[in-house]
Each structure stands twice: as structure tokens, then as C-alpha cells.
Amino acid sequence: MQGFLCIFASSMTTYLISKPDKLRATVALPASKSISNRALIICALSGGTLLPDNLSDCDDTEVIVKALKDMPETIDIHAAGTAMRFMTAFLAATDNGSHLLTGTERMKQRPIRILVDALLQLGADIRYAGKEGFPPLHINGRQLEGGELEIAGNVSSQFISALLMIGPMLRNGLTLRLLGDIISRPYIDLTLWTMREFGAEAEWTSVDTIEVAPKPYQRRNYLIENDWSAASYWYEMVALSDDDEAEVRLEGLMDGSKQGDSSVRYIFSLLGVRTTFESKETGRPTTVRLRKNGHCVPRLDYDFINAPDLAQTIVVTCCALGVPFHFTGLQTLRIKETDRITALKRELSKLGFVLRDINGCELAWDGERCDPVTAPVAIETYDDHRMALAFAPLALQQTIVIQNPQVVTKSYPRFWDDLCKAGFKVLN
């Protein structure tokens with residue numbers, strides 16, 4: 001019955017979530033969206049026709065698959081920020097004709113000037129089709145000269161990754177110097193690692209400079225590992241469960257993963273969750289077992305500069321556990337699918353938590369409470385998949401309502417089905 005509810009709930013606009021009697025689950029996680037999107041662009045640049053194995057089935061990846069397959073005159077990437085950044089560079093640096101690259105109304109509010117300016121310096125032909133500095137974009141593709149380029153290091157790593165991935169296709173390669181503080185470095189390293197998997201010569205040559213040789217990518221079969229970001233919500237469930245014997249087994253993860261969000265296992269070790277790998281063989285996906293470790297820090301201070309996508313999960317978990325915190329490195333949360341700092345403050349206030357944001361890039365909670373709204377609390381998701389995914393595990397403490405639950409298809413399409421299989425009740 002639980003599976004039936006998940007399968008036929010796709011047209012509903014609100015889900016009521018309540019907890020299982022005990023938490024025991026084996027979960028086949030979705031493939032990594034981050035690796036899938038990089039591998040797709042690199043495969044296309046290599047001239048390969050085979051899709052990578054275990055490709056993510058999330059919305060963000062599917063819009064890239066469709067765009068690369070059909071190459072329509074107007075390419076609508078909907079709400080997929082990664083697709084907007086990666087496809088902008090791809091279309092600018094390849095001879096695939098002229099295209100209008102557009103998206104949702106929210107996407108048209110997300111700045112892209114820094115990437116466009118960088119591509120223009122490399123010789124690209126790009127014009128704004130609407131408000132200057134924002135999508136949609138008119139792009140006329142052609143081979144670019146390349147050379148030396150400087151860009152701020154504290155911008156979205158997706159801008160930097162988009163430039164790096166086209167580096168091997170540039171006549172003179174690319175020397176990219178990052179100015180000032182460099183944020184989300186693990187995502188840049190993930191890009192370089194994926195590029196090298198396809199034969200590129202791309203390396204850090206100093207603390208702030210990356211060189212990419214003008215050496216074409218090699219075609220190859222490629223296996224995508226599963227997603228550590230998706231694992232974070234199951235870590236949250238184990239942490240919040242009142243079942244001392246709670247156990248979740250997550251399939252398809254790798255020890256030593258290049259995914260920046262694999263740091264979730266270290267963060268949650270401080271919040272009461274132990275991680276055990278069935279195998280630690282390098283480069284081999286395995287099953288990870290999550291269980292309680294019986295220890296939780298009384299306070300957590302952490303810099304999310306290298307893993308901003310984990311912030312919502314950890315903020316919600318700490319509030320639910322009563323762990324005061326001060327989190328920094330959150331500046332990119334303002335320009336995601338929604339303003340995530342404002343969204344977190346608003347939704348957690350419904351549950352009785354008073355958060356402070358500091359300088360627009362920090363969040364803190366010192367234990368201050370306010371009167372919660374009448375249960376069950378309805379959580380607005382703001383068209384942001386990570387709001388739904390981070391708040392749903394609160395059902396382990398109280399019945400909760402998730403509004404517009406379909407947003408999870410952006411990164412974790414089977415999430416509600418997996419919750420049902422784990423014994424949660426998901427009702428309209």
C-alpha cells in the first residue's frame with residue numbers, strides 16, 4: 001500500500017509525511033547529478049555518441065540529454081542552473097549553429113554575466129535576449145582561440161567548471177587564474193578529475209591557476225557513481241530517529257569519492273551517525289551502512305564554502321536535535337533555486353526556531369525559540385528540491401506537510417518512493 005501511494009502521488013500538490021515504527025532501509029541512491037552533467041558535456045565534446053552508464057534520471061540531467069540530442073533552435077533548460085552554465089559554454093565553443101538558451105522565470109533572475117564576460121574574452125559570440133546580465137542568451141557557436149583568462153574565485157564553481165570543460169577544445173587551450181578567495185574548490189576538482197577521465201590534460205599549476213592543454217577528449221565508456229548529496233537526507237533520518245537500532249544501507253557510493261558532498265559523512269559523525277563501507281576498494285562503488293554512534297556535539301561551527309548544497313540538511317538537522325550552530329561560507333545560497341537563507345529562516349520559524357543571518361553569508365542559531373504554528377506544519381518548498389528533501393526527514397519527530405513535493409525530481413526523482421519503502425507514510 002505504501003508503494004502504491006508513492007507511485008500514484010505524482011499529480012498531488014501536498015504530501016503529509018509520518019514516520020515508520022522503526023527505521024530499517026536499503027536504498028539504491030540516484031546517480032550523481034554533478035558527475036552526470038559533467039560527463040554528458042565532456043562526452044559531447046569528445047564526439048562520443050554513447051551515454052555514460054548509470055546516468056542520473058533527474059530533471060537537471062535530462063534537460064542536458066535532450067538539448068544535446070535534439071539541438072533545437074530554442075533550448076529551454078527550465079530550472080536547471082547547472083545546465084544553463086554548462087550549455088552556455090558548450091554552445092559558445094562548438095560549431096552547432098545559433099541558439100536561444102532560456103529557462104524559467106526564476107532562471108531569468110539568476111546572474112550569468114561573469115560567465116558570459118569570460119566567454120566573450122575568449123572570442124565567443126553571445127548576446128543577451130532580455131535583461132543584461134541574465135538569461136535568456138543568444139549564442140552563435142564557433143571554435144574559440146582560448147589563452148589566458150582571469151575570473152573571481154568566489155563566484156559559482158559552475159561558472160569555473162563550464163570554462164574548464166571547454167578548455168581542451170580551444171585552439172590555445174586555457175590558462176585560468178582565480179582571483180581572491182576560491183569557494184567550492186571540491187567541485188572544481190571534481191570537474192578536473194572528470195576531464196582527466198576522458199584524457200584531458202588539466203591541472204592546478206599553482207594555488208590559484210589551472211592550465212588546460214589543447215588536447216582533445218578521448219571517447220570512452222564511463223560509469224557514474226551514486227550521489228553523496230542524496231545520501232545526506234538518509235544521514236539526517238538516522239540522526240533524527242528515536243530508534244537506537246536504526247540502520248540505513250546506501251548502495252552505489254565510493255570511499256574516496258571526488259564528490260565534494262562526500263564530506264557529509266564527517267559532518268554527521270559529529271551529529272551521531274557512524275559510517276561503515278562494505279568495501280574500500282579504490283574506484284569501486286559499494287554499500288555504505290549508517291547507524292547511530294551514540295555521540296552528538298553540543299554545538300557545531302562549520303564553514304560550508306566547499307559544500308554549500310549540504311547546508312540546508314545540516315541546518316534542519318541541528319535545529320531538530322537542539323544543537324546550536326554558526327555556519328559560514330553560505331554566500332551562494334542567495335542565488336540558488338530560491339534565496340535559501342531566507343527560505344530556511346522562514347520555514348524553521350514555523351517550527352519554533354529563530355535563526356539569524358549575518359552579512360548575507362552566515363546562519364546562526366543560539367537556541368532561541370518562538371511559538372510554532374499549529375501542527376501539522378506545512379513547509380513551503382519555493383520550487384527548490386533541497387527544501388523538500390531537507391525538511392521531509394522531520395517527519396521522524398512530528399507529522400509534517402511538504403508543499404509542491406514534485407520539486408524533488410530536480411535531483412532525486414524516486415525520493416518519495418524510497419521513503420515509502422523505508423516505512424514512512426506519504427499521503428495526500
# chains A, B, ... in the order shown; residues from 1 in each chain; ligands from 1

call {"tool": "select_by_dssp", "arguments": {"residues": "region 145-176 of chain A", "states": "strand (DSSP E)", "output": "NGL selection string"}}
result
:A and (147-152 or 174-176)

call {"tool": "write_last_selection", "arguments": {"atoms": "all heavy atoms", "output": "CSV table (one decimal), in the first residue's frame"}}
result
chain,number,residue,atom,x,y,z
A,147,GLY,N,43.4,30.8,-24.4
A,147,GLY,CA,44.5,31.6,-23.9
A,147,GLY,C,44.4,31.8,-22.4
A,147,GLY,O,43.9,31.0,-21.7
A,148,GLU,N,44.8,33.0,-22.0
A,148,GLU,CA,44.8,33.3,-20.6
A,148,GLU,C,43.5,34.1,-20.2
A,148,GLU,O,43.0,34.9,-20.9
A,148,GLU,CB,46.0,34.1,-20.2
A,148,GLU,CG,47.3,33.4,-20.4
A,148,GLU,CD,48.5,34.2,-19.9
A,148,GLU,OE1,48.3,35.3,-19.4
A,148,GLU,OE2,49.7,33.7,-20.1
A,149,LEU,N,43.0,33.7,-19.0
A,149,LEU,CA,41.8,34.3,-18.5
A,149,LEU,C,41.8,34.4,-17.0
A,149,LEU,O,42.3,33.5,-16.3
A,149,LEU,CB,40.6,33.4,-18.9
A,149,LEU,CG,39.2,34.0,-18.7
A,149,LEU,CD1,38.9,35.2,-19.6
A,149,LEU,CD2,38.2,32.9,-19.0
A,150,GLU,N,41.3,35.6,-16.5
A,150,GLU,CA,41.1,35.7,-15.0
A,150,GLU,C,39.7,35.8,-14.7
A,150,GLU,O,38.9,36.5,-15.4
A,150,GLU,CB,41.9,37.0,-14.6
A,150,GLU,CG,43.4,37.0,-14.7
A,150,GLU,CD,44.1,38.2,-14.2
A,150,GLU,OE1,43.4,39.2,-14.0
A,150,GLU,OE2,45.3,38.1,-13.9
A,151,ILE,N,39.3,35.2,-13.5
A,151,ILE,CA,37.9,35.2,-13.1
A,151,ILE,C,38.0,35.2,-11.6
A,151,ILE,O,38.9,34.6,-11.0
A,151,ILE,CB,37.1,34.1,-13.7
A,151,ILE,CG1,35.6,34.2,-13.3
A,151,ILE,CG2,37.7,32.7,-13.2
A,151,ILE,CD1,34.7,33.2,-14.1
A,152,ALA,N,37.0,35.8,-10.9
A,152,ALA,CA,36.9,35.8,-9.5
A,152,ALA,C,36.8,34.4,-9.0
A,152,ALA,O,36.0,33.6,-9.5
A,152,ALA,CB,35.8,36.7,-9.0
A,174,LEU,N,43.6,26.7,-22.3
A,174,LEU,CA,43.1,27.7,-21.4
A,174,LEU,C,44.0,27.7,-20.1
A,174,LEU,O,44.4,26.7,-19.6
A,174,LEU,CB,41.7,27.3,-20.9
A,174,LEU,CG,41.0,28.3,-19.9
A,174,LEU,CD1,40.8,29.6,-20.5
A,174,LEU,CD2,39.7,27.7,-19.4
A,175,THR,N,44.5,28.9,-19.8
A,175,THR,CA,45.1,29.2,-18.5
A,175,THR,C,44.2,30.0,-17.7
A,175,THR,O,43.9,31.2,-18.1
A,175,THR,CB,46.5,29.9,-18.7
A,175,THR,OG1,47.3,29.1,-19.5
A,175,THR,CG2,47.1,30.1,-17.3
A,176,LEU,N,43.6,29.5,-16.6
A,176,LEU,CA,42.6,30.1,-15.9
A,176,LEU,C,43.1,30.5,-14.5
A,176,LEU,O,43.5,29.6,-13.7
A,176,LEU,CB,41.4,29.2,-15.7
A,176,LEU,CG,40.1,29.8,-15.1
A,176,LEU,CD1,39.6,31.0,-15.9
A,176,LEU,CD2,39.0,28.8,-14.9

call {"tool": "closest_atom_pairs", "arguments": {"of": "region 129-218 of chain A", "to": "region 85-88 of chain A", "cutoff": "9 Å", "atoms": "only C-alpha atoms", "output": "Markdown table"}}
result
| residue | atom | partner | partner_atom | distance |
| --- | --- | --- | --- | --- |
| A:Leu137 | CA | A:Thr88 | CA | 8.1 |
| A:Ile139 | CA | A:Thr88 | CA | 7.6 |
| A:Gln158 | CA | A:Arg85 | CA | 6.4 |
| A:Phe159 | CA | A:Arg85 | CA | 6.1 |
| A:Ser161 | CA | A:Phe86 | CA | 7.7 |
| A:Ala162 | CA | A:Phe86 | CA | 4.8 |
| A:Leu163 | CA | A:Phe86 | CA | 8.2 |
| A:Met165 | CA | A:Phe86 | CA | 8.4 |

call {"tool": "closest_residue", "arguments": {"among": "A:Cys420, A:Leu119, A:Leu344, A:Ala93", "to": "Arg356 (chain A)", "atoms": "only C-alpha atoms"}}
result
A:Leu344

call {"tool": "closest_residue", "arguments": {"among": "A:Lys33, A:Arg340, A:Arg185, A:His138", "to": "Asn306 (chain A)", "atoms": "only C-alpha atoms"}}
result
A:Arg185

call {"tool": "closest_residue", "arguments": {"among": "A:Thr338, A:Lys425, A:Ala200, A:Val316", "to": "Ala79 (chain A)", "atoms": "only C-alpha atoms"}}
result
A:Thr338

call {"tool": "closest_residue", "arguments": {"among": "A:Ser232, A:Thr287, A:Thr409, A:Asn226", "to": "Glu251 (chain A)", "atoms": "only C-alpha atoms"}}
result
A:Thr287

call {"tool": "select_by_dssp", "arguments": {"residues": "region 321-373 of chain A", "states": "helix (DSSP H, G or I)", "output": "PDB file with N, CA and C atoms, in the first residue's frame"}}
result
ATOM      1  N   LEU A 321      17.765  18.563  16.431  1.00  0.00           N
ATOM      2  CA  LEU A 321      18.498  17.919  17.521  1.00  0.00           C
ATOM      3  C   LEU A 321      18.753  18.868  18.695  1.00  0.00           C
ATOM      4  N   GLN A 331      27.418  32.151   0.984  1.00  0.00           N
ATOM      5  CA  GLN A 331      27.080  33.251   0.091  1.00  0.00           C
ATOM      6  C   GLN A 331      26.363  32.816  -1.170  1.00  0.00           C
ATOM      7  N   THR A 332      26.647  31.623  -1.678  1.00  0.00           N
ATOM      8  CA  THR A 332      25.982  31.199  -2.920  1.00  0.00           C
ATOM      9  C   THR A 332      24.543  30.761  -2.693  1.00  0.00           C
ATOM     10  N   LEU A 333      24.116  30.586  -1.441  1.00  0.00           N
ATOM     11  CA  LEU A 333      22.746  30.161  -1.175  1.00  0.00           C
ATOM     12  C   LEU A 333      21.725  31.219  -1.591  1.00  0.00           C
ATOM     13  N   ARG A 334      22.150  32.470  -1.694  1.00  0.00           N
ATOM     14  CA  ARG A 334      21.232  33.541  -2.081  1.00  0.00           C
ATOM     15  C   ARG A 334      20.799  33.426  -3.538  1.00  0.00           C
ATOM     16  N   ILE A 335      21.602  32.788  -4.376  1.00  0.00           N
ATOM     17  CA  ILE A 335      21.335  32.784  -5.816  1.00  0.00           C
ATOM     18  C   ILE A 335      21.067  31.382  -6.339  1.00  0.00           C
ATOM     19  N   ARG A 340      17.990  30.634  -0.378  1.00  0.00           N
ATOM     20  CA  ARG A 340      17.881  29.551   0.600  1.00  0.00           C
ATOM     21  C   ARG A 340      18.049  30.034   2.039  1.00  0.00           C
ATOM     22  N   ILE A 341      18.779  31.097   2.253  1.00  0.00           N
ATOM     23  CA  ILE A 341      18.927  31.608   3.614  1.00  0.00           C
ATOM     24  C   ILE A 341      17.597  32.134   4.121  1.00  0.00           C
ATOM     25  N   THR A 342      16.925  32.940   3.313  1.00  0.00           N
ATOM     26  CA  THR A 342      15.614  33.466   3.695  1.00  0.00           C
ATOM     27  C   THR A 342      14.598  32.340   3.852  1.00  0.00           C
ATOM     28  N   ALA A 343      14.633  31.368   2.927  1.00  0.00           N
ATOM     29  CA  ALA A 343      13.684  30.254   2.985  1.00  0.00           C
ATOM     30  C   ALA A 343      13.864  29.427   4.258  1.00  0.00           C
ATOM     31  N   LEU A 344      15.113  29.153   4.638  1.00  0.00           N
ATOM     32  CA  LEU A 344      15.371  28.396   5.862  1.00  0.00           C
ATOM     33  C   LEU A 344      14.869  29.143   7.092  1.00  0.00           C
ATOM     34  N   LYS A 345      15.146  30.417   7.172  1.00  0.00           N
ATOM     35  CA  LYS A 345      14.698  31.210   8.319  1.00  0.00           C
ATOM     36  C   LYS A 345      13.172  31.183   8.426  1.00  0.00           C
ATOM     37  N   ARG A 346      12.505  31.356   7.311  1.00  0.00           N
ATOM     38  CA  ARG A 346      11.042  31.434   7.312  1.00  0.00           C
ATOM     39  C   ARG A 346      10.417  30.096   7.695  1.00  0.00           C
ATOM     40  N   GLU A 347      10.877  29.013   7.086  1.00  0.00           N
ATOM     41  CA  GLU A 347      10.234  27.714   7.339  1.00  0.00           C
ATOM     42  C   GLU A 347      10.565  27.181   8.730  1.00  0.00           C
ATOM     43  N   LEU A 348      11.798  27.399   9.206  1.00  0.00           N
ATOM     44  CA  LEU A 348      12.139  26.920  10.547  1.00  0.00           C
ATOM     45  C   LEU A 348      11.451  27.735  11.633  1.00  0.00           C
ATOM     46  N   SER A 349      11.090  28.990  11.323  1.00  0.00           N
ATOM     47  CA  SER A 349      10.324  29.761  12.302  1.00  0.00           C
ATOM     48  C   SER A 349       8.943  29.146  12.523  1.00  0.00           C
ATOM     49  N   LYS A 350       8.393  28.499  11.484  1.00  0.00           N
ATOM     50  CA  LYS A 350       7.108  27.807  11.646  1.00  0.00           C
ATOM     51  C   LYS A 350       7.221  26.681  12.667  1.00  0.00           C
TER      52      LYS A 350
END

call {"tool": "residues_around", "arguments": {"residues": "region 13-24 of chain A", "least_positions_apart": "3", "cutoff": "9 Å", "atoms": "only C-alpha atoms", "output": "PyMOL selection string"}}
result
chain A and resi 9-10+237-238+241-243+245-249+376+378+392-406+420+422-428
